[in-house]
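Pasted below: start37.cif, mmCIF, C-alpha atoms.
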```cif
data_my_file
#
loop_
_atom_site.label_atom_id
_atom_site.label_comp_id
_atom_site.auth_asym_id
_atom_site.auth_seq_id
_atom_site.Cartn_x
_atom_site.Cartn_y
_atom_site.Cartn_z
CA MET A 1 4.47 -61.05 -75.03
CA LEU A 2 0.69 -61.20 -75.30
CA PHE A 3 0.33 -57.91 -77.20
CA GLU A 4 3.50 -57.88 -79.27
CA ASN A 5 3.18 -55.65 -82.36
CA LYS A 6 -0.04 -54.14 -81.00
CA ILE A 7 -0.56 -50.41 -80.50
CA ALA A 8 -2.51 -49.33 -77.43
CA VAL A 9 -3.96 -45.90 -76.69
CA VAL A 10 -4.72 -45.22 -73.02
CA THR A 11 -6.55 -42.09 -71.87
CA GLY A 12 -6.18 -40.94 -68.30
CA ALA A 13 -2.79 -42.61 -68.42
CA GLY A 14 -1.26 -40.41 -65.73
CA GLY A 15 -3.60 -41.76 -63.06
CA VAL A 16 -3.03 -44.64 -60.67
CA LEU A 17 -5.08 -47.30 -62.44
CA CYS A 18 -4.51 -46.36 -66.07
CA SER A 19 -0.77 -45.88 -65.60
CA SER A 20 -0.77 -49.47 -64.36
CA PHE A 21 -2.70 -50.51 -67.49
CA ALA A 22 -0.24 -48.70 -69.76
CA THR A 23 2.81 -50.14 -68.03
CA HIS A 24 1.41 -53.67 -68.17
CA LEU A 25 0.50 -53.47 -71.86
CA ALA A 26 4.02 -52.27 -72.62
CA GLU A 27 5.46 -55.17 -70.61
CA GLN A 28 3.33 -57.47 -72.76
CA GLY A 29 4.90 -56.07 -75.94
CA ALA A 30 2.50 -53.30 -76.96
CA SER A 31 3.59 -49.86 -78.06
CA VAL A 32 1.64 -47.49 -75.84
CA ALA A 33 0.39 -43.94 -76.36
CA LEU A 34 -0.32 -42.35 -72.97
CA LEU A 35 -2.90 -39.57 -73.17
CA ASP A 36 -3.59 -37.24 -70.27
CA LEU A 37 -4.41 -33.61 -69.58
CA ASN A 38 -1.52 -33.73 -67.10
CA TYR A 39 1.36 -34.25 -69.52
CA GLU A 40 3.97 -34.41 -66.76
CA ALA A 41 2.22 -37.32 -65.05
CA ALA A 42 1.79 -39.26 -68.29
CA ASN A 43 5.34 -38.53 -69.42
CA ALA A 44 6.78 -39.81 -66.13
CA VAL A 45 5.03 -43.14 -66.78
CA ALA A 46 6.20 -43.20 -70.40
CA GLU A 47 9.80 -42.52 -69.38
CA GLU A 48 9.68 -45.37 -66.86
CA ILE A 49 8.29 -47.72 -69.51
CA ASN A 50 11.02 -46.77 -71.97
CA LYS A 51 13.71 -47.06 -69.31
CA ASN A 52 12.58 -50.65 -68.72
CA GLY A 53 12.80 -51.57 -72.39
CA GLY A 54 9.25 -50.79 -73.49
CA HIS A 55 7.98 -48.46 -76.18
CA ALA A 56 5.80 -45.56 -75.06
CA LYS A 57 5.14 -41.88 -75.62
CA ALA A 58 3.06 -39.34 -73.70
CA TYR A 59 0.67 -36.84 -75.27
CA GLU A 60 -1.07 -33.91 -73.66
CA VAL A 61 -4.76 -34.09 -74.53
CA ASN A 62 -8.12 -32.85 -73.32
CA VAL A 63 -10.54 -35.74 -73.90
CA LEU A 64 -13.42 -33.24 -74.01
CA ASP A 65 -11.89 -31.45 -77.02
CA LYS A 66 -12.45 -33.42 -80.21
CA ALA A 67 -10.15 -31.22 -82.29
CA CYS A 68 -7.36 -31.82 -79.78
CA LEU A 69 -8.00 -35.57 -79.91
CA GLU A 70 -7.91 -35.55 -83.70
CA GLN A 71 -4.57 -33.76 -83.70
CA VAL A 72 -3.11 -36.26 -81.23
CA HIS A 73 -4.57 -39.08 -83.32
CA LYS A 74 -2.53 -37.84 -86.29
CA SER A 75 0.60 -37.69 -84.14
CA ILE A 76 0.07 -41.26 -82.92
CA HIS A 77 -0.36 -42.45 -86.52
CA SER A 78 2.97 -40.83 -87.34
CA ASP A 79 4.74 -42.14 -84.23
CA PHE A 80 3.27 -45.65 -83.97
CA GLY A 81 0.63 -46.44 -86.61
CA LYS A 82 -3.00 -47.44 -86.25
CA CYS A 83 -4.42 -48.18 -82.82
CA ASP A 84 -5.36 -51.81 -81.98
CA ILE A 85 -6.50 -51.32 -78.36
CA LEU A 86 -8.27 -48.27 -76.96
CA ILE A 87 -8.65 -47.90 -73.21
CA ASN A 88 -11.00 -45.09 -72.21
CA GLY A 89 -9.75 -44.44 -68.70
CA ALA A 90 -10.09 -40.66 -68.41
CA GLY A 91 -12.69 -39.68 -65.84
CA GLY A 92 -13.17 -38.95 -62.19
CA ASN A 93 -15.14 -36.94 -59.65
CA SER A 94 -14.82 -33.41 -58.29
CA PRO A 95 -15.28 -32.06 -54.75
CA ARG A 96 -17.52 -29.41 -56.30
CA ALA A 97 -20.01 -32.14 -57.26
CA THR A 98 -19.82 -33.93 -53.90
CA THR A 99 -22.42 -33.40 -51.17
CA ALA A 100 -21.37 -32.91 -47.56
CA HIS A 101 -24.10 -35.22 -46.24
CA GLU A 102 -24.85 -38.79 -47.18
CA TYR A 103 -28.55 -38.31 -46.43
CA TYR A 104 -30.87 -35.32 -46.41
CA GLU A 105 -30.59 -33.33 -43.21
CA GLU A 106 -33.15 -30.80 -42.06
CA GLY A 107 -32.36 -27.41 -43.57
CA ASP A 108 -30.24 -28.72 -46.46
CA GLU A 109 -32.52 -26.91 -48.88
CA THR A 110 -31.61 -23.48 -47.48
CA VAL A 111 -27.97 -23.67 -46.32
CA THR A 112 -25.25 -22.09 -48.44
CA ASP A 113 -22.03 -22.76 -46.53
CA ILE A 114 -21.78 -26.46 -47.47
CA LYS A 115 -22.52 -28.51 -50.57
CA THR A 116 -25.95 -30.14 -50.45
CA PHE A 117 -28.05 -31.75 -53.14
CA PHE A 118 -30.03 -28.53 -53.46
CA ASN A 119 -27.13 -26.17 -54.15
CA LEU A 120 -25.06 -28.37 -56.44
CA ASP A 121 -24.10 -26.16 -59.35
CA LYS A 122 -25.20 -27.41 -62.75
CA SER A 123 -21.84 -26.58 -64.29
CA ASP A 124 -20.03 -28.72 -61.69
CA PHE A 125 -22.44 -31.61 -62.24
CA ASP A 126 -22.07 -31.20 -66.01
CA PHE A 127 -18.27 -31.25 -65.71
CA VAL A 128 -18.16 -34.58 -63.86
CA PHE A 129 -20.83 -36.16 -66.02
CA GLY A 130 -19.20 -34.92 -69.21
CA LEU A 131 -15.68 -35.88 -68.20
CA ASN A 132 -16.74 -39.49 -67.72
CA LEU A 133 -19.27 -39.95 -70.53
CA MET A 134 -18.08 -37.48 -73.17
CA GLY A 135 -14.53 -38.46 -72.22
CA THR A 136 -15.48 -41.95 -73.40
CA LEU A 137 -17.56 -40.93 -76.41
CA LEU A 138 -15.11 -38.51 -78.06
CA PRO A 139 -11.95 -40.68 -77.97
CA THR A 140 -14.03 -43.58 -79.31
CA GLN A 141 -15.26 -41.45 -82.21
CA VAL A 142 -11.70 -40.44 -83.04
CA PHE A 143 -9.89 -43.79 -82.63
CA ALA A 144 -12.55 -46.37 -83.57
CA PRO A 145 -11.90 -45.99 -87.32
CA ASP A 146 -8.44 -47.47 -86.70
CA LEU A 147 -10.04 -50.59 -85.24
CA LEU A 148 -12.61 -51.36 -87.94
CA HIS A 149 -12.27 -54.86 -89.46
CA ARG A 150 -8.98 -55.42 -87.60
CA ASP A 151 -10.18 -57.33 -84.49
CA GLY A 152 -9.92 -54.11 -82.51
CA CYS A 153 -10.71 -53.84 -78.84
CA ILE A 154 -12.17 -51.01 -76.75
CA ILE A 155 -12.09 -51.15 -72.95
CA ASN A 156 -14.07 -48.56 -71.02
CA VAL A 157 -13.61 -47.94 -67.32
CA SER A 158 -16.86 -48.10 -65.39
CA SER A 159 -17.25 -48.37 -61.61
CA MET A 160 -19.15 -49.96 -58.77
CA ASN A 161 -21.18 -46.75 -58.88
CA ALA A 162 -22.77 -48.09 -62.05
CA PHE A 163 -24.16 -51.08 -60.12
CA ARG A 164 -25.00 -49.29 -56.89
CA PRO A 165 -25.00 -45.49 -56.68
CA LEU A 166 -22.87 -44.24 -53.82
CA THR A 167 -23.89 -41.48 -51.46
CA LYS A 168 -22.32 -38.00 -51.80
CA ILE A 169 -21.28 -38.36 -55.47
CA PRO A 170 -24.43 -38.14 -57.60
CA ALA A 171 -22.80 -36.87 -60.80
CA TYR A 172 -20.09 -39.53 -60.78
CA SER A 173 -22.59 -42.31 -60.03
CA ALA A 174 -24.89 -41.18 -62.85
CA ALA A 175 -21.97 -40.83 -65.26
CA LYS A 176 -20.52 -44.28 -64.63
CA SER A 177 -23.96 -45.83 -65.03
CA ALA A 178 -24.09 -44.08 -68.40
CA VAL A 179 -20.63 -45.42 -69.30
CA SER A 180 -21.80 -49.00 -68.67
CA ASN A 181 -24.91 -48.50 -70.78
CA PHE A 182 -22.87 -46.80 -73.51
CA THR A 183 -20.44 -49.74 -73.49
CA GLN A 184 -23.31 -52.08 -74.33
CA TRP A 185 -24.58 -49.72 -77.02
CA LEU A 186 -21.15 -49.55 -78.65
CA ALA A 187 -20.76 -53.33 -78.48
CA VAL A 188 -23.98 -53.82 -80.43
CA HIS A 189 -23.19 -51.02 -82.88
CA PHE A 190 -19.76 -52.41 -83.79
CA ALA A 191 -20.53 -56.14 -83.47
CA GLY A 192 -20.37 -56.70 -87.23
CA CYS A 193 -17.22 -54.61 -87.76
CA GLY A 194 -14.67 -56.63 -85.80
CA ILE A 195 -14.58 -54.33 -82.75
CA ARG A 196 -15.31 -55.76 -79.32
CA VAL A 197 -16.32 -53.26 -76.62
CA ASN A 198 -16.30 -54.16 -72.94
CA ALA A 199 -15.79 -52.42 -69.61
CA ILE A 200 -13.99 -53.05 -66.34
CA ALA A 201 -15.82 -51.89 -63.21
CA PRO A 202 -13.27 -51.52 -60.42
CA GLY A 203 -14.44 -51.79 -56.85
CA PHE A 204 -12.62 -49.68 -54.31
CA PHE A 205 -9.04 -48.75 -55.07
CA VAL A 206 -7.16 -45.88 -53.46
CA THR A 207 -6.43 -43.20 -56.07
CA LYS A 208 -5.53 -39.52 -56.08
CA GLN A 209 -9.16 -38.63 -56.74
CA ASN A 210 -10.77 -40.49 -53.85
CA LYS A 211 -8.01 -40.36 -51.26
CA ASP A 212 -9.54 -37.42 -49.38
CA LEU A 213 -12.86 -39.27 -49.05
CA LEU A 214 -11.14 -42.39 -47.72
CA PHE A 215 -8.48 -41.00 -45.36
CA ASN A 216 -8.26 -38.13 -42.91
CA PRO A 217 -5.37 -35.63 -43.18
CA ASP A 218 -3.49 -37.61 -40.50
CA GLY A 219 -3.76 -40.80 -42.57
CA THR A 220 -6.38 -42.53 -40.45
CA PRO A 221 -9.33 -44.08 -42.31
CA THR A 222 -12.55 -42.10 -42.52
CA ALA A 223 -15.93 -43.43 -41.47
CA ARG A 224 -16.66 -43.88 -45.19
CA THR A 225 -13.70 -46.26 -45.46
CA GLY A 226 -15.16 -48.30 -42.62
CA LYS A 227 -18.48 -48.56 -44.46
CA ILE A 228 -16.78 -49.52 -47.73
CA LEU A 229 -14.66 -52.25 -46.21
CA GLY A 230 -17.62 -53.45 -44.19
CA ALA A 231 -19.51 -53.97 -47.45
CA THR A 232 -16.55 -55.62 -49.23
CA PRO A 233 -16.39 -59.33 -48.30
CA MET A 234 -12.63 -59.43 -48.85
CA LYS A 235 -12.31 -56.56 -46.28
CA ARG A 236 -9.66 -54.56 -48.11
CA PHE A 237 -9.06 -52.16 -50.97
CA GLY A 238 -7.93 -53.53 -54.31
CA GLU A 239 -4.44 -53.17 -55.76
CA PRO A 240 -4.03 -51.86 -59.33
CA SER A 241 -2.25 -55.08 -60.32
CA GLU A 242 -5.44 -57.00 -59.52
CA LEU A 243 -7.15 -55.44 -62.55
CA LEU A 244 -4.55 -56.65 -65.01
CA GLY A 245 -5.75 -60.23 -65.43
CA THR A 246 -9.17 -58.95 -66.48
CA LEU A 247 -7.51 -56.43 -68.80
CA ASP A 248 -5.47 -59.20 -70.45
CA TRP A 249 -8.52 -61.39 -70.95
CA LEU A 250 -10.67 -58.64 -72.48
CA CYS A 251 -7.90 -57.39 -74.77
CA ASP A 252 -6.79 -60.82 -75.97
CA ASN A 253 -8.78 -61.78 -79.06
CA SER A 254 -7.80 -65.42 -78.73
CA ALA A 255 -9.17 -65.59 -75.17
CA SER A 256 -12.31 -63.43 -75.43
CA SER A 257 -13.20 -63.41 -79.12
CA PHE A 258 -16.91 -64.00 -78.35
CA VAL A 259 -17.07 -61.53 -75.44
CA THR A 260 -18.53 -58.11 -76.11
CA GLY A 261 -20.88 -55.78 -74.25
CA VAL A 262 -20.00 -56.97 -70.75
CA VAL A 263 -19.09 -54.94 -67.66
CA ILE A 264 -16.81 -56.98 -65.40
CA PRO A 265 -16.73 -56.13 -61.67
CA VAL A 266 -13.33 -56.45 -60.01
CA ASP A 267 -14.47 -55.58 -56.54
CA GLY A 268 -13.60 -58.06 -53.80
CA GLY A 269 -17.22 -59.21 -53.72
CA PHE A 270 -18.80 -55.78 -53.14
CA SER A 271 -21.44 -56.18 -55.87
CA ALA A 272 -22.42 -59.63 -54.57
CA TYR A 273 -22.90 -58.70 -50.92
CA SER A 274 -26.37 -57.82 -49.63
CA GLY A 275 -25.15 -56.74 -46.20
CA VAL A 276 -26.62 -59.82 -44.54
#
```

Take the structure from the file and write it as structure tokens.
Amino acid sequence: MLFENKIAVVTGAGGVLCSSFATHLAEQGASVALLDLNYEAANAVAEEINKNGGHAKAYEVNVLDKACLEQVHKSIHSDFGKCDILINGAGGNSPRATTAHEYYEEGDETVTDIKTFFNLDKSDFDFVFGLNLMGTLLPTQVFAPDLLHRDGCIINVSSMNAFRPLTKIPAYSAAKSAVSNFTQWLAVHFAGCGIRVNAIAPGFFVTKQNKDLLFNPDGTPTARTGKILGATPMKRFGEPSELLGTLDWLCDNSASSFVTGVVIPVDGGFSAYSGV
């Protein structure tokens, strides 16, 4: 029971990866607060955790609304106590901020019937960028006071996009790069206060958010999937369970007490491969 008597707060807990994080932390003895805009999704995970003998509760929260976060923070204090582990997992992309073409095609600057770089709407770009970066900043502002001088731990969720920007998703790539940089900034800022701040950068995992980019409606892989797997030396997508060893290491103060400000790729070799 690696995290017995610890209290973990997980944002984006209704999603594929962060629900796996929340379930695993509960299996390791932590009491887990599952935060998500989609309460039903987070509550389904919490109910499964409790059914299996864990201790969890779901909370509906908009990570872009600081007042909402502060209210949930008060509820978590009442229900569990002070947070020991904060996982900033809320984020994602939007089709509205995704270009139809990987590369510029003649006439992109004038067409209106498809998304191109030139007609991306600022509000859509702002939404994706804000969801990922502000969705990391605001929960950290609200929950970090719990962690001060208590060997607290913050884990942000970055992406391979932070190492190598991917075609079609400029807002998401820019945002995850910002999350990695912000992770390092936070690590330095809190280094003398007993809070370690690190990030996990997943490679390619199939989630609700990217499924339509990776698979056709009939379930066959898209050309983009072929390119991804061709650039991943292990030639497959990751499984959520393959992130949990890294999560354990970064959250365990006895194992990583001198580790802060790092962004760990878990990517099947994608970030190491030059294509040759």

Please identify every residue of segment 183-253 of chain A that has at least one atom no farther than 12 Å from an atom of segment 102-107 of chain A, counting all atoms listed in the file, and for each give the shortest atom pair and the distance in Å to one decimal, arranged by chain then increasing number, as JSON lines.
```
{"residue": "A:Ala223", "atom": "CA", "partner": "A:Glu102", "partner_atom": "CA", "distance": 11.6}
{"residue": "A:Arg224", "atom": "CA", "partner": "A:Glu102", "partner_atom": "CA", "distance": 9.8}
{"residue": "A:Lys227", "atom": "CA", "partner": "A:Glu102", "partner_atom": "CA", "distance": 12.0}
```

Got time to write the residues from that selection, C-alpha atoms, as a PDB file, in the frame of the given file?
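What ended up in again-v6.pdb:
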```
ATOM      1  CA  ALA A 223     -15.930 -43.430 -41.470  1.00  0.00           C
ATOM      2  CA  ARG A 224     -16.660 -43.880 -45.190  1.00  0.00           C
ATOM      3  CA  LYS A 227     -18.480 -48.560 -44.460  1.00  0.00           C
TER       4      LYS A 227
END
```

Next on the checklist: When the PyMOL selection byres ((chain A and resi 207) around 12) is applied to the structure above, which residues does it catch, written out as a list in words?
Outcome noted: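 For this structure, the PyMOL selection byres ((chain A and resi 207) around 12) resolves to Gly14, Gly15, Val16, Leu17, Cys18, Ser19, Ser20, Gly92, Asn93, Pro202, Gly203, Phe204, Phe205, Val206, Lys208, Gln209, Asn210, Lys211, Asp212, Leu213, Leu214, Phe215, Phe237, Gly238, Glu239 and Pro240 of chain A.
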
Next on the checklist: Here is a test: counting all atoms listed in the file, which residue of A:Glu242, A:Asp84, A:Asp121, A:Glu4 is nearest to Phe143 of chain A?
Outcome noted: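 Between A:Glu242, A:Asp84, A:Asp121, A:Glu4, the residue approaching Phe143 of chain A most closely is A:Asp84.
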
Checklist entry - Which neighbours of Leu186 of chain A fall inside 9 Å, counting all atoms listed in the file, when residues of the same chain fewer than 6 positions from it are skipped, and could you give them as JSON, numbers by chain? => result {"A": [196, 197, 198, 261]}

Item to check | Interatomic distance (Å, one decimal) between atom CA of Ile85 of chain A and atom CA of Thr23 of chain A | outcome: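 Atom-to-atom, atom CA of Ile85 of chain A to atom CA of Thr23 of chain A, that is 14.0 Å.
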
Next on the checklist: Need to verify the contact set: Ile76 of chain A, 8 Å, only C-alpha atoms, exclusion of same-chain residues closer than 5 positions in sequence. Can you return it as a PyMOL selection string?
Outcome noted: chain A and resi 33+81-82

Checklist entry - What gap, in Å, lies between atom CA of Ser94 of chain A and atom CA of Val128 of chain A? => result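 Between atom CA of Ser94 of chain A and atom CA of Val128 of chain A the gap works out to 6.6 Å.
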
Item to check | Phe190 of chain A environment, 12 Å, all atoms listed in the file, sequence neighbours closer than 3 positions dropped, as a PyMOL selection string | outcome: chain A and resi 140-141+144-145+147-154+183-187+193-198+260-261

Item to check | Test item: which residues lie within 12 Å of (-22.6, -42.6, -67.9) counting all atoms listed in the file, as a PyMOL selection string | outcome: chain A and resi 91-92+126+128-137+156-159+161-163+165+170-185

Would you save the residues of that selection, restricted to C-alpha atoms, as a short mmCIF file (atom, residue, chain, number, x, y, z; two decimals), keeping the file's coordinate frame?
```cif
data_model
loop_
_atom_site.label_atom_id
_atom_site.label_comp_id
_atom_site.auth_asym_id
_atom_site.auth_seq_id
_atom_site.Cartn_x
_atom_site.Cartn_y
_atom_site.Cartn_z
CA GLY A 91 -12.69 -39.68 -65.84
CA GLY A 92 -13.17 -38.95 -62.19
CA ASP A 126 -22.07 -31.20 -66.01
CA VAL A 128 -18.16 -34.58 -63.86
CA PHE A 129 -20.83 -36.16 -66.02
CA GLY A 130 -19.20 -34.92 -69.21
CA LEU A 131 -15.68 -35.88 -68.20
CA ASN A 132 -16.74 -39.49 -67.72
CA LEU A 133 -19.27 -39.95 -70.53
CA MET A 134 -18.08 -37.48 -73.17
CA GLY A 135 -14.53 -38.46 -72.22
CA THR A 136 -15.48 -41.95 -73.40
CA LEU A 137 -17.56 -40.93 -76.41
CA ASN A 156 -14.07 -48.56 -71.02
CA VAL A 157 -13.61 -47.94 -67.32
CA SER A 158 -16.86 -48.10 -65.39
CA SER A 159 -17.25 -48.37 -61.61
CA ASN A 161 -21.18 -46.75 -58.88
CA ALA A 162 -22.77 -48.09 -62.05
CA PHE A 163 -24.16 -51.08 -60.12
CA PRO A 165 -25.00 -45.49 -56.68
CA PRO A 170 -24.43 -38.14 -57.60
CA ALA A 171 -22.80 -36.87 -60.80
CA TYR A 172 -20.09 -39.53 -60.78
CA SER A 173 -22.59 -42.31 -60.03
CA ALA A 174 -24.89 -41.18 -62.85
CA ALA A 175 -21.97 -40.83 -65.26
CA LYS A 176 -20.52 -44.28 -64.63
CA SER A 177 -23.96 -45.83 -65.03
CA ALA A 178 -24.09 -44.08 -68.40
CA VAL A 179 -20.63 -45.42 -69.30
CA SER A 180 -21.80 -49.00 -68.67
CA ASN A 181 -24.91 -48.50 -70.78
CA PHE A 182 -22.87 -46.80 -73.51
CA THR A 183 -20.44 -49.74 -73.49
CA GLN A 184 -23.31 -52.08 -74.33
CA TRP A 185 -24.58 -49.72 -77.02
#
```

Next on the checklist: Just the number, please: distance in Å from atom CA of Ser257 of chain A to atom CA of Arg164 of chain A, one decimal.
Outcome noted: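 Here the two named atoms are 28.9 Å from each other.
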
Next on the checklist: Between A:Thr11, A:Ser256, A:Thr222, A:Thr167, which residue has the minimum interatomic distance to Ile87 of chain A, considering only C-alpha atoms?
Outcome noted: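 Ranking A:Thr11, A:Ser256, A:Thr222, A:Thr167 by distance to Ile87 of chain A, first place goes to A:Thr11.
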
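Residues captured in this structure file are Pro95, Arg96, Ala97, Thr99, Lys168 and Ile169 of chain A, according to the PyMOL selection byres ((chain A and resi 98) around 6).
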
Return the padded bounding box of segment 137-145 of chain A as lines of an AutoDock Vina configuration file: axis-aligned, built from all atoms listed in the file, 8 Å added on each side, with centre and edge lengths in Å to one decimal.
```
center_x = -13.7
center_y = -42.4
center_z = -81.9
size_x = 23.7
size_y = 23.9
size_z = 26.9
```

Checklist entry - Could you spell out the hits of the PyMOL selection byres ((chain A and resi 10) around 9) on the shown file, as an MDAnalysis selection string? => result chainID A and resid 8:9 11:13 18:19 21:22 32:36 85:90

Checklist entry - For Ala46 of chain A, which of A:Val111, A:Trp249, A:Ala58, A:Thr116 is the closest residue, counting all atoms listed in the file? => result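 Distance minimum relative to Ala46 of chain A lands on A:Ala58.
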
Item to check | Top pick for closest residue to Asn119 of chain A, considering A:Ala100, A:Val259, A:Ile228, A:Val45 and counting all atoms listed in the file | outcome: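 Selected residue with least distance to Asn119 of chain A: A:Ala100.
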
Item to check | Nearest candidate to Cys251 of chain A (options A:Ala41, A:Leu138, A:Ile200, A:Ile49; using all atoms listed in the file) | outcome: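 Counting all atoms listed in the file, the residue closest to Cys251 of chain A is A:Ile200.
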
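Around Ala67 of chain A, within 12 Å and counting only C-alpha atoms, the residues found are A:Val61, A:Asn62, A:Val72, A:His73, A:Lys74, A:Leu138, A:Pro139, A:Gln141, A:Val142, once anything fewer than 5 positions away on its own chain is removed.
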